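Q: Before we start, here is the structure in question, set down as structure tokens.
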Amino acid sequence: MNAPLPSSQRSERLLLRRPAEADLDFLADLFSRGELVAHRPDPVPDTAQQSAARLTRDIGHWDKHGFGRWAVEADGKLIGFGGVAVSADFDGLNLSYHLHPAAWGHGYATELVMEALRTAFGPLRADRVVGLVRPANPASRRVLEKCGFAFEKEVMLRGAPTILLALAHPGKANISGPAA
């Protein structure tokens with residue numbers, strides 16, 4: 001990875017910025033929602049302490065690597081978090097996103113993923129980006145596939161089957177294999 005990213009950037013409709021401690025109330029509300037955590041192996045909403053730890057990890061990733069998951073705003077309001085982060089478990093940057101249910105169905109996830117890919121393959125010079133999706137979350141899988149990700153394999157993640165989709169840098173060889 002190259003030089004640190006700016007603390008914020010814009011896509012067509014979204015402001016993508018480094019997360020801040022002031023985002024904690026929104027994050028705690030976001031991860032307390034049953035519809036958001038429904039696809040987890042244990043679909044229990046986060047406690048306030050778990051949300052605080054999540055925000056601390058996101059801020060710490062920025063401090064350590066100079067990039068990470070963004071706080072995502074639309075029309076001046078925080079709507080979620082997402083972007084790419086270093087993965088300890090998989091080859092490539094890990095793409096993830098969580099948007100408030102009120103922001104679902106507006107194309108924000110696709111716009112966020114596309115901006116994350118431009119950043120990963122541009123300034124961050126990544127060779128590969130992976131996305132992990134639970135089989136019970138077809139909407140998230142459709143977003144990734146629309147953005148060019150392809151099925152690579154099924155993995156066990158936190159005790160549950162998870163689909164790993166991947167996308168290689170456009171100048172690299174195709175990394176996806178035949179569906180099993």
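Residues in the structure tokens are numbered from 1 in each chain, the chains being A, B, ... in the order shown, and ligands are numbered from 1 in the order shown.
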As a PyMOL selection string, please: the residues near Trp62 in chain A (cut-off 12 Å, only C-alpha atoms, same-chain neighbours under 4 positions excluded).
A: chain A and resi 3-8+17-20+55-58+66-71+83-86
Q: For the residues in the current selection, export N, CA, C and O atoms as an mmCIF file, in the first residue's frame.
A:
```cif
data_model
loop_
_atom_site.group_PDB
_atom_site.id
_atom_site.type_symbol
_atom_site.label_atom_id
_atom_site.label_comp_id
_atom_site.auth_asym_id
_atom_site.auth_seq_id
_atom_site.Cartn_x
_atom_site.Cartn_y
_atom_site.Cartn_z
ATOM 1 N N ALA A 3 0.976 5.750 -0.031
ATOM 2 C CA ALA A 3 0.798 6.846 0.914
ATOM 3 C C ALA A 3 -0.611 6.827 1.518
ATOM 4 O O ALA A 3 -1.532 6.297 0.914
ATOM 5 N N PRO A 4 -0.768 7.412 2.695
ATOM 6 C CA PRO A 4 -2.086 7.459 3.328
ATOM 7 C C PRO A 4 -3.109 8.179 2.445
ATOM 8 O O PRO A 4 -2.758 9.070 1.678
ATOM 9 N N LEU A 5 -4.350 7.782 2.596
ATOM 10 C CA LEU A 5 -5.437 8.440 1.869
ATOM 11 C C LEU A 5 -5.776 9.765 2.543
ATOM 12 O O LEU A 5 -5.526 9.938 3.742
ATOM 13 N N PRO A 6 -6.397 10.674 1.799
ATOM 14 C CA PRO A 6 -6.905 11.887 2.450
ATOM 15 C C PRO A 6 -7.972 11.493 3.470
ATOM 16 O O PRO A 6 -8.571 10.419 3.371
ATOM 17 N N SER A 7 -8.237 12.353 4.425
ATOM 18 C CA SER A 7 -9.202 12.011 5.474
ATOM 19 C C SER A 7 -10.633 11.961 4.964
ATOM 20 O O SER A 7 -11.512 11.435 5.635
ATOM 21 N N SER A 8 -10.874 12.493 3.766
ATOM 22 C CA SER A 8 -12.209 12.377 3.169
ATOM 23 C C SER A 8 -12.096 12.441 1.642
ATOM 24 O O SER A 8 -11.123 12.961 1.105
ATOM 25 N N ARG A 17 -15.500 9.550 4.675
ATOM 26 C CA ARG A 17 -14.536 10.216 5.541
ATOM 27 C C ARG A 17 -14.021 9.259 6.611
ATOM 28 O O ARG A 17 -14.648 8.252 6.930
ATOM 29 N N ARG A 18 -12.886 9.621 7.134
ATOM 30 C CA ARG A 18 -12.299 8.862 8.232
ATOM 31 C C ARG A 18 -13.287 8.863 9.407
ATOM 32 O O ARG A 18 -13.861 9.903 9.736
ATOM 33 N N PRO A 19 -13.524 7.712 10.046
ATOM 34 C CA PRO A 19 -14.445 7.695 11.190
ATOM 35 C C PRO A 19 -13.875 8.474 12.368
ATOM 36 O O PRO A 19 -12.658 8.630 12.505
ATOM 37 N N ALA A 20 -14.777 8.953 13.219
ATOM 38 C CA ALA A 20 -14.386 9.755 14.380
ATOM 39 C C ALA A 20 -15.170 9.290 15.604
ATOM 40 O O ALA A 20 -16.239 8.674 15.473
ATOM 41 N N LEU A 55 -15.633 0.780 16.565
ATOM 42 C CA LEU A 55 -15.181 2.102 16.138
ATOM 43 C C LEU A 55 -13.701 2.297 16.459
ATOM 44 O O LEU A 55 -12.944 2.822 15.633
ATOM 45 N N THR A 56 -13.273 1.833 17.620
ATOM 46 C CA THR A 56 -11.861 1.923 17.991
ATOM 47 C C THR A 56 -10.992 1.154 17.001
ATOM 48 O O THR A 56 -9.928 1.634 16.598
ATOM 49 N N ARG A 57 -11.439 -0.041 16.582
ATOM 50 C CA ARG A 57 -10.690 -0.822 15.578
ATOM 51 C C ARG A 57 -10.611 -0.060 14.251
ATOM 52 O O ARG A 57 -9.554 -0.018 13.612
ATOM 53 N N ASP A 58 -11.732 0.513 13.818
ATOM 54 C CA ASP A 58 -11.727 1.249 12.545
ATOM 55 C C ASP A 58 -10.791 2.451 12.599
ATOM 56 O O ASP A 58 -10.024 2.695 11.668
ATOM 57 N N GLY A 66 -3.112 4.163 7.389
ATOM 58 C CA GLY A 66 -3.353 5.358 6.586
ATOM 59 C C GLY A 66 -4.591 5.268 5.711
ATOM 60 O O GLY A 66 -4.841 6.132 4.875
ATOM 61 N N PHE A 67 -5.405 4.239 5.911
ATOM 62 C CA PHE A 67 -6.678 4.066 5.209
ATOM 63 C C PHE A 67 -7.515 3.096 6.023
ATOM 64 O O PHE A 67 -7.047 2.521 7.000
ATOM 65 N N GLY A 68 -8.747 2.912 5.595
ATOM 66 C CA GLY A 68 -9.623 1.966 6.276
ATOM 67 C C GLY A 68 -11.065 2.196 5.885
ATOM 68 O O GLY A 68 -11.356 2.876 4.902
ATOM 69 N N ARG A 69 -11.942 1.623 6.689
ATOM 70 C CA ARG A 69 -13.374 1.797 6.442
ATOM 71 C C ARG A 69 -13.742 3.254 6.695
ATOM 72 O O ARG A 69 -13.288 3.860 7.649
ATOM 73 N N TRP A 70 -14.565 3.782 5.804
ATOM 74 C CA TRP A 70 -15.024 5.156 5.931
ATOM 75 C C TRP A 70 -16.324 5.235 6.730
ATOM 76 O O TRP A 70 -17.119 4.300 6.716
ATOM 77 N N ALA A 71 -16.573 6.386 7.314
ATOM 78 C CA ALA A 71 -17.918 6.777 7.720
ATOM 79 C C ALA A 71 -18.541 7.333 6.440
ATOM 80 O O ALA A 71 -17.902 8.103 5.717
ATOM 81 N N GLY A 83 -15.776 0.220 3.299
ATOM 82 C CA GLY A 83 -14.542 0.460 2.577
ATOM 83 C C GLY A 83 -13.663 -0.769 2.636
ATOM 84 O O GLY A 83 -14.154 -1.880 2.846
ATOM 85 N N VAL A 84 -12.377 -0.578 2.459
ATOM 86 C CA VAL A 84 -11.439 -1.698 2.459
ATOM 87 C C VAL A 84 -10.498 -1.603 3.650
ATOM 88 O O VAL A 84 -10.171 -0.513 4.122
ATOM 89 N N ALA A 85 -10.082 -2.779 4.109
ATOM 90 C CA ALA A 85 -9.159 -2.872 5.237
ATOM 91 C C ALA A 85 -8.215 -4.036 4.990
ATOM 92 O O ALA A 85 -8.518 -4.947 4.211
ATOM 93 N N VAL A 86 -7.084 -4.004 5.653
ATOM 94 C CA VAL A 86 -6.130 -5.107 5.586
ATOM 95 C C VAL A 86 -6.781 -6.333 6.213
ATOM 96 O O VAL A 86 -7.422 -6.245 7.261
#
```
Q: Quick check for you: according to DSSP on this backbone, which residues of range 70-129 of chain A are classed as strand (DSSP E)? Reply as a ChimeraX atom specification.
A: /A:70-74,77-85,93-99,128-129
Q: Can I get the selected residues back with N, CA, C and O atoms, as a PDB file, in the first residue's frame?
A:
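The resulting again_14.pdb:
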```pdb
ATOM      1  N   TRP A  70     -14.565   3.782   5.804  1.00  0.00           N
ATOM      2  CA  TRP A  70     -15.024   5.156   5.931  1.00  0.00           C
ATOM      3  C   TRP A  70     -16.324   5.235   6.730  1.00  0.00           C
ATOM      4  O   TRP A  70     -17.119   4.300   6.716  1.00  0.00           O
ATOM      5  N   ALA A  71     -16.573   6.386   7.314  1.00  0.00           N
ATOM      6  CA  ALA A  71     -17.918   6.777   7.720  1.00  0.00           C
ATOM      7  C   ALA A  71     -18.541   7.333   6.440  1.00  0.00           C
ATOM      8  O   ALA A  71     -17.902   8.103   5.717  1.00  0.00           O
ATOM      9  N   VAL A  72     -19.750   6.912   6.128  1.00  0.00           N
ATOM     10  CA  VAL A  72     -20.387   7.238   4.853  1.00  0.00           C
ATOM     11  C   VAL A  72     -21.557   8.183   5.095  1.00  0.00           C
ATOM     12  O   VAL A  72     -22.465   7.863   5.870  1.00  0.00           O
ATOM     13  N   GLU A  73     -21.530   9.324   4.421  1.00  0.00           N
ATOM     14  CA  GLU A  73     -22.604  10.309   4.543  1.00  0.00           C
ATOM     15  C   GLU A  73     -23.276  10.526   3.190  1.00  0.00           C
ATOM     16  O   GLU A  73     -22.614  10.493   2.150  1.00  0.00           O
ATOM     17  N   ALA A  74     -24.580  10.746   3.248  1.00  0.00           N
ATOM     18  CA  ALA A  74     -25.365  11.151   2.074  1.00  0.00           C
ATOM     19  C   ALA A  74     -26.240  12.316   2.501  1.00  0.00           C
ATOM     20  O   ALA A  74     -26.859  12.269   3.576  1.00  0.00           O
ATOM     21  N   LYS A  77     -25.934  13.517   6.068  1.00  0.00           N
ATOM     22  CA  LYS A  77     -26.269  12.643   7.195  1.00  0.00           C
ATOM     23  C   LYS A  77     -25.477  11.348   7.114  1.00  0.00           C
ATOM     24  O   LYS A  77     -25.305  10.782   6.032  1.00  0.00           O
ATOM     25  N   LEU A  78     -25.027  10.866   8.260  1.00  0.00           N
ATOM     26  CA  LEU A  78     -24.324   9.596   8.335  1.00  0.00           C
ATOM     27  C   LEU A  78     -25.305   8.472   8.009  1.00  0.00           C
ATOM     28  O   LEU A  78     -26.399   8.411   8.577  1.00  0.00           O
ATOM     29  N   ILE A  79     -24.920   7.598   7.045  1.00  0.00           N
ATOM     30  CA  ILE A  79     -25.799   6.489   6.661  1.00  0.00           C
ATOM     31  C   ILE A  79     -25.141   5.124   6.855  1.00  0.00           C
ATOM     32  O   ILE A  79     -25.798   4.095   6.701  1.00  0.00           O
ATOM     33  N   GLY A  80     -23.846   5.087   7.168  1.00  0.00           N
ATOM     34  CA  GLY A  80     -23.212   3.793   7.369  1.00  0.00           C
ATOM     35  C   GLY A  80     -21.704   3.897   7.403  1.00  0.00           C
ATOM     36  O   GLY A  80     -21.133   4.989   7.515  1.00  0.00           O
ATOM     37  N   PHE A  81     -21.094   2.713   7.301  1.00  0.00           N
ATOM     38  CA  PHE A  81     -19.644   2.582   7.317  1.00  0.00           C
ATOM     39  C   PHE A  81     -19.253   1.556   6.270  1.00  0.00           C
ATOM     40  O   PHE A  81     -19.972   0.581   6.048  1.00  0.00           O
ATOM     41  N   GLY A  82     -18.103   1.755   5.630  1.00  0.00           N
ATOM     42  CA  GLY A  82     -17.647   0.758   4.671  1.00  0.00           C
ATOM     43  C   GLY A  82     -16.370   1.185   3.986  1.00  0.00           C
ATOM     44  O   GLY A  82     -15.941   2.330   4.089  1.00  0.00           O
ATOM     45  N   GLY A  83     -15.776   0.220   3.299  1.00  0.00           N
ATOM     46  CA  GLY A  83     -14.542   0.460   2.577  1.00  0.00           C
ATOM     47  C   GLY A  83     -13.663  -0.769   2.636  1.00  0.00           C
ATOM     48  O   GLY A  83     -14.154  -1.880   2.846  1.00  0.00           O
ATOM     49  N   VAL A  84     -12.377  -0.578   2.459  1.00  0.00           N
ATOM     50  CA  VAL A  84     -11.439  -1.698   2.459  1.00  0.00           C
ATOM     51  C   VAL A  84     -10.498  -1.603   3.650  1.00  0.00           C
ATOM     52  O   VAL A  84     -10.171  -0.513   4.122  1.00  0.00           O
ATOM     53  N   ALA A  85     -10.082  -2.779   4.109  1.00  0.00           N
ATOM     54  CA  ALA A  85      -9.159  -2.872   5.237  1.00  0.00           C
ATOM     55  C   ALA A  85      -8.215  -4.036   4.990  1.00  0.00           C
ATOM     56  O   ALA A  85      -8.518  -4.947   4.211  1.00  0.00           O
ATOM     57  N   LEU A  93      -7.172  -7.068   0.093  1.00  0.00           N
ATOM     58  CA  LEU A  93      -7.899  -6.177   0.991  1.00  0.00           C
ATOM     59  C   LEU A  93      -9.314  -6.703   1.167  1.00  0.00           C
ATOM     60  O   LEU A  93      -9.913  -7.232   0.227  1.00  0.00           O
ATOM     61  N   ASN A  94      -9.865  -6.538   2.350  1.00  0.00           N
ATOM     62  CA  ASN A  94     -11.218  -6.997   2.642  1.00  0.00           C
ATOM     63  C   ASN A  94     -12.187  -5.825   2.524  1.00  0.00           C
ATOM     64  O   ASN A  94     -12.028  -4.813   3.203  1.00  0.00           O
ATOM     65  N   LEU A  95     -13.162  -5.975   1.654  1.00  0.00           N
ATOM     66  CA  LEU A  95     -14.201  -4.967   1.480  1.00  0.00           C
ATOM     67  C   LEU A  95     -15.371  -5.309   2.393  1.00  0.00           C
ATOM     68  O   LEU A  95     -15.810  -6.464   2.432  1.00  0.00           O
ATOM     69  N   SER A  96     -15.857  -4.327   3.103  1.00  0.00           N
ATOM     70  CA  SER A  96     -17.070  -4.538   3.900  1.00  0.00           C
ATOM     71  C   SER A  96     -17.853  -3.236   3.938  1.00  0.00           C
ATOM     72  O   SER A  96     -17.308  -2.154   3.741  1.00  0.00           O
ATOM     73  N   TYR A  97     -19.149  -3.379   4.178  1.00  0.00           N
ATOM     74  CA  TYR A  97     -19.987  -2.197   4.319  1.00  0.00           C
ATOM     75  C   TYR A  97     -21.234  -2.558   5.106  1.00  0.00           C
ATOM     76  O   TYR A  97     -21.718  -3.689   5.057  1.00  0.00           O
ATOM     77  N   HIS A  98     -21.706  -1.582   5.856  1.00  0.00           N
ATOM     78  CA  HIS A  98     -22.942  -1.708   6.633  1.00  0.00           C
ATOM     79  C   HIS A  98     -23.665  -0.373   6.529  1.00  0.00           C
ATOM     80  O   HIS A  98     -23.149   0.644   7.014  1.00  0.00           O
ATOM     81  N   LEU A  99     -24.808  -0.394   5.901  1.00  0.00           N
ATOM     82  CA  LEU A  99     -25.591   0.832   5.742  1.00  0.00           C
ATOM     83  C   LEU A  99     -26.856   0.746   6.577  1.00  0.00           C
ATOM     84  O   LEU A  99     -27.429  -0.339   6.748  1.00  0.00           O
ATOM     85  N   ARG A 128      -5.700  -7.302  -5.215  1.00  0.00           N
ATOM     86  CA  ARG A 128      -6.923  -8.083  -5.107  1.00  0.00           C
ATOM     87  C   ARG A 128      -7.759  -7.551  -3.943  1.00  0.00           C
ATOM     88  O   ARG A 128      -7.237  -7.101  -2.934  1.00  0.00           O
ATOM     89  N   VAL A 129      -9.079  -7.638  -4.109  1.00  0.00           N
ATOM     90  CA  VAL A 129     -10.030  -7.267  -3.064  1.00  0.00           C
ATOM     91  C   VAL A 129     -10.992  -8.431  -2.895  1.00  0.00           C
ATOM     92  O   VAL A 129     -11.440  -9.016  -3.891  1.00  0.00           O
TER      93      VAL A 129
END
```
Q: Of the candidates A:Gly107, A:Leu144, A:Arg158, A:Asp29, which one gets nearest to Gln50 in chain A if we count only C-alpha atoms?
A: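 Looking only at the distances to Gln50 in chain A, the closest residue turns out to be A:Asp29.
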Q: Which residue is closest to Gly171 in chain A? Choose from A:Asp127, A:Pro45, A:Ala116, A:Asp89 and count only C-alpha atoms.
A: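 When distances to Gly171 in chain A are compared using only C-alpha atoms, the smallest one comes from A:Asp127.
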Q: According to DSSP computed on the backbone, where in chain A is there helix (DSSP H, G or I)? Give the residues as JSON, numbers by chain.
A: {"A": [21, 22, 23, 24, 25, 26, 27, 28, 29, 30, 34, 35, 36, 37, 48, 49, 50, 51, 52, 53, 54, 55, 56, 57, 58, 59, 60, 61, 62, 63, 64, 65, 101, 102, 103, 108, 109, 110, 111, 112, 113, 114, 115, 116, 117, 118, 119, 120, 121, 138, 139, 140, 141, 142, 143, 144, 145, 146]}
Q: How would the residues just chosen look if you wrote them out with C-alpha atoms as a PDB file, in the first residue's frame?
A:
```pdb
ATOM      1  CA  GLU A  21     -15.339   9.229  18.020  1.00  0.00           C
ATOM      2  CA  ALA A  22     -18.387  11.450  17.375  1.00  0.00           C
ATOM      3  CA  ASP A  23     -19.783   8.632  15.174  1.00  0.00           C
ATOM      4  CA  LEU A  24     -20.254   6.295  18.141  1.00  0.00           C
ATOM      5  CA  ASP A  25     -23.957   6.999  18.790  1.00  0.00           C
ATOM      6  CA  PHE A  26     -24.821   6.341  15.144  1.00  0.00           C
ATOM      7  CA  LEU A  27     -22.667   3.192  15.057  1.00  0.00           C
ATOM      8  CA  ALA A  28     -24.235   1.860  18.272  1.00  0.00           C
ATOM      9  CA  ASP A  29     -27.715   2.441  16.816  1.00  0.00           C
ATOM     10  CA  LEU A  30     -26.727   0.858  13.494  1.00  0.00           C
ATOM     11  CA  GLY A  34     -31.969  -6.708  14.122  1.00  0.00           C
ATOM     12  CA  GLU A  35     -32.335  -6.338  10.353  1.00  0.00           C
ATOM     13  CA  LEU A  36     -28.663  -5.351  10.063  1.00  0.00           C
ATOM     14  CA  VAL A  37     -27.267  -8.236  12.126  1.00  0.00           C
ATOM     15  CA  ALA A  48     -22.754  -0.377  23.242  1.00  0.00           C
ATOM     16  CA  GLN A  49     -19.336  -1.701  24.297  1.00  0.00           C
ATOM     17  CA  GLN A  50     -19.034  -3.858  21.159  1.00  0.00           C
ATOM     18  CA  SER A  51     -19.891  -0.870  18.980  1.00  0.00           C
ATOM     19  CA  ALA A  52     -17.296   1.240  20.788  1.00  0.00           C
ATOM     20  CA  ALA A  53     -14.697  -1.499  20.205  1.00  0.00           C
ATOM     21  CA  ARG A  54     -15.669  -1.654  16.510  1.00  0.00           C
ATOM     22  CA  LEU A  55     -15.181   2.102  16.138  1.00  0.00           C
ATOM     23  CA  THR A  56     -11.861   1.923  17.991  1.00  0.00           C
ATOM     24  CA  ARG A  57     -10.690  -0.822  15.578  1.00  0.00           C
ATOM     25  CA  ASP A  58     -11.727   1.249  12.545  1.00  0.00           C
ATOM     26  CA  ILE A  59      -9.952   4.372  13.833  1.00  0.00           C
ATOM     27  CA  GLY A  60      -6.909   2.284  14.802  1.00  0.00           C
ATOM     28  CA  HIS A  61      -6.753   0.794  11.287  1.00  0.00           C
ATOM     29  CA  TRP A  62      -6.570   4.321   9.857  1.00  0.00           C
ATOM     30  CA  ASP A  63      -3.857   5.232  12.373  1.00  0.00           C
ATOM     31  CA  LYS A  64      -1.793   2.145  11.524  1.00  0.00           C
ATOM     32  CA  HIS A  65      -2.315   1.874   7.747  1.00  0.00           C
ATOM     33  CA  PRO A 101     -31.721   0.178   6.662  1.00  0.00           C
ATOM     34  CA  ALA A 102     -33.257   3.553   5.754  1.00  0.00           C
ATOM     35  CA  ALA A 103     -30.442   3.882   3.165  1.00  0.00           C
ATOM     36  CA  TYR A 108     -25.551   3.696  -2.076  1.00  0.00           C
ATOM     37  CA  ALA A 109     -23.976   0.272  -1.497  1.00  0.00           C
ATOM     38  CA  THR A 110     -23.013  -0.039  -5.166  1.00  0.00           C
ATOM     39  CA  GLU A 111     -21.650   3.508  -5.228  1.00  0.00           C
ATOM     40  CA  LEU A 112     -19.651   2.849  -2.049  1.00  0.00           C
ATOM     41  CA  VAL A 113     -18.232  -0.441  -3.383  1.00  0.00           C
ATOM     42  CA  MET A 114     -17.217   1.154  -6.691  1.00  0.00           C
ATOM     43  CA  GLU A 115     -15.439   4.007  -4.888  1.00  0.00           C
ATOM     44  CA  ALA A 116     -13.715   1.520  -2.580  1.00  0.00           C
ATOM     45  CA  LEU A 117     -12.494  -0.430  -5.627  1.00  0.00           C
ATOM     46  CA  ARG A 118     -11.213   2.729  -7.351  1.00  0.00           C
ATOM     47  CA  THR A 119      -9.304   3.542  -4.170  1.00  0.00           C
ATOM     48  CA  ALA A 120      -8.021  -0.018  -3.628  1.00  0.00           C
ATOM     49  CA  PHE A 121      -6.746  -0.454  -7.178  1.00  0.00           C
ATOM     50  CA  PRO A 138     -28.340 -12.407  -1.544  1.00  0.00           C
ATOM     51  CA  ALA A 139     -28.758  -8.624  -1.820  1.00  0.00           C
ATOM     52  CA  SER A 140     -25.182  -8.038  -0.664  1.00  0.00           C
ATOM     53  CA  ARG A 141     -23.904 -10.714  -3.042  1.00  0.00           C
ATOM     54  CA  ARG A 142     -25.753  -9.050  -5.950  1.00  0.00           C
ATOM     55  CA  VAL A 143     -24.074  -5.712  -5.143  1.00  0.00           C
ATOM     56  CA  LEU A 144     -20.632  -7.313  -5.227  1.00  0.00           C
ATOM     57  CA  GLU A 145     -21.338  -9.229  -8.442  1.00  0.00           C
ATOM     58  CA  LYS A 146     -22.696  -6.079 -10.095  1.00  0.00           C
TER      59      LYS A 146
END
```
Q: From the options A:Thr47, A:Arg40, A:Ala88, A:Ala126, which residue's atoms come nearest to Thr162 in chain A, counting only C-alpha atoms?
A: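 Under the stated criterion, the closest residue is A:Arg40.
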Q: Residues within 12 Å of Met156 in chain A, please, as a ChimeraX atom specification. Count only C-alpha atoms; anything in the same chain fewer than 5 positions from it doesn't count.
A: /A:41,89,132-135,161-164
Q: Selected residues, N, CA, C and O atoms, written as a CSV table (one decimal), in the first residue's frame, please.
A:
```csv
chain,number,residue,atom,x,y,z
A,41,PRO,N,-23.7,-15.3,12.0
A,41,PRO,CA,-23.9,-16.6,12.5
A,41,PRO,C,-24.8,-16.6,13.8
A,41,PRO,O,-25.6,-17.4,14.1
A,89,ASP,N,-6.9,-12.7,7.5
A,89,ASP,CA,-7.3,-14.0,7.2
A,89,ASP,C,-7.3,-14.4,5.7
A,89,ASP,O,-7.4,-15.6,5.3
A,132,LEU,N,-16.8,-10.8,1.6
A,132,LEU,CA,-17.4,-12.0,2.3
A,132,LEU,C,-18.9,-11.8,2.5
A,132,LEU,O,-19.3,-10.8,3.1
A,133,VAL,N,-19.7,-12.8,2.1
A,133,VAL,CA,-21.1,-12.7,2.2
A,133,VAL,C,-21.7,-13.9,2.7
A,133,VAL,O,-21.3,-15.0,2.3
A,134,ARG,N,-22.6,-13.8,3.6
A,134,ARG,CA,-23.4,-15.0,4.1
A,134,ARG,C,-24.4,-15.4,3.0
A,134,ARG,O,-24.9,-14.6,2.3
A,135,PRO,N,-24.6,-16.7,2.9
A,135,PRO,CA,-25.5,-17.2,1.8
A,135,PRO,C,-26.9,-16.7,2.0
A,135,PRO,O,-27.6,-16.5,1.0
A,161,PRO,N,-20.9,-21.0,7.3
A,161,PRO,CA,-20.6,-20.9,5.9
A,161,PRO,C,-20.6,-19.5,5.4
A,161,PRO,O,-21.6,-18.8,5.7
A,162,THR,N,-19.6,-19.1,4.6
A,162,THR,CA,-19.5,-17.8,4.1
A,162,THR,C,-19.0,-17.8,2.7
A,162,THR,O,-18.1,-18.6,2.4
A,163,ILE,N,-19.6,-17.1,1.8
A,163,ILE,CA,-19.1,-17.0,0.4
A,163,ILE,C,-18.1,-16.0,0.2
A,163,ILE,O,-18.2,-14.8,0.6
A,164,LEU,N,-16.9,-16.4,-0.3
A,164,LEU,CA,-15.8,-15.5,-0.6
A,164,LEU,C,-15.9,-15.1,-2.1
A,164,LEU,O,-15.8,-16.0,-2.9
```
Q: What is the distance, in Å and to one decimal place, between CA of Gly92 in chain A and CA of Asp46 in chain A?
A: 27.0 Å
Q: Please determine, counting only C-alpha atoms, which residue among A:Leu14, A:His39, A:Gln9, A:Val155 has the shortest atom-to-atom distance to Gly76 in chain A.
A: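 Smallest separation from Gly76 in chain A among the options: A:Leu14.
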Q: One number please: CA of Leu124 in chain A to CA of Pro170 in chain A, in Å, one decimal.
A: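 According to the coordinates, CA of Leu124 in chain A and CA of Pro170 in chain A are separated by 13.8 Å.
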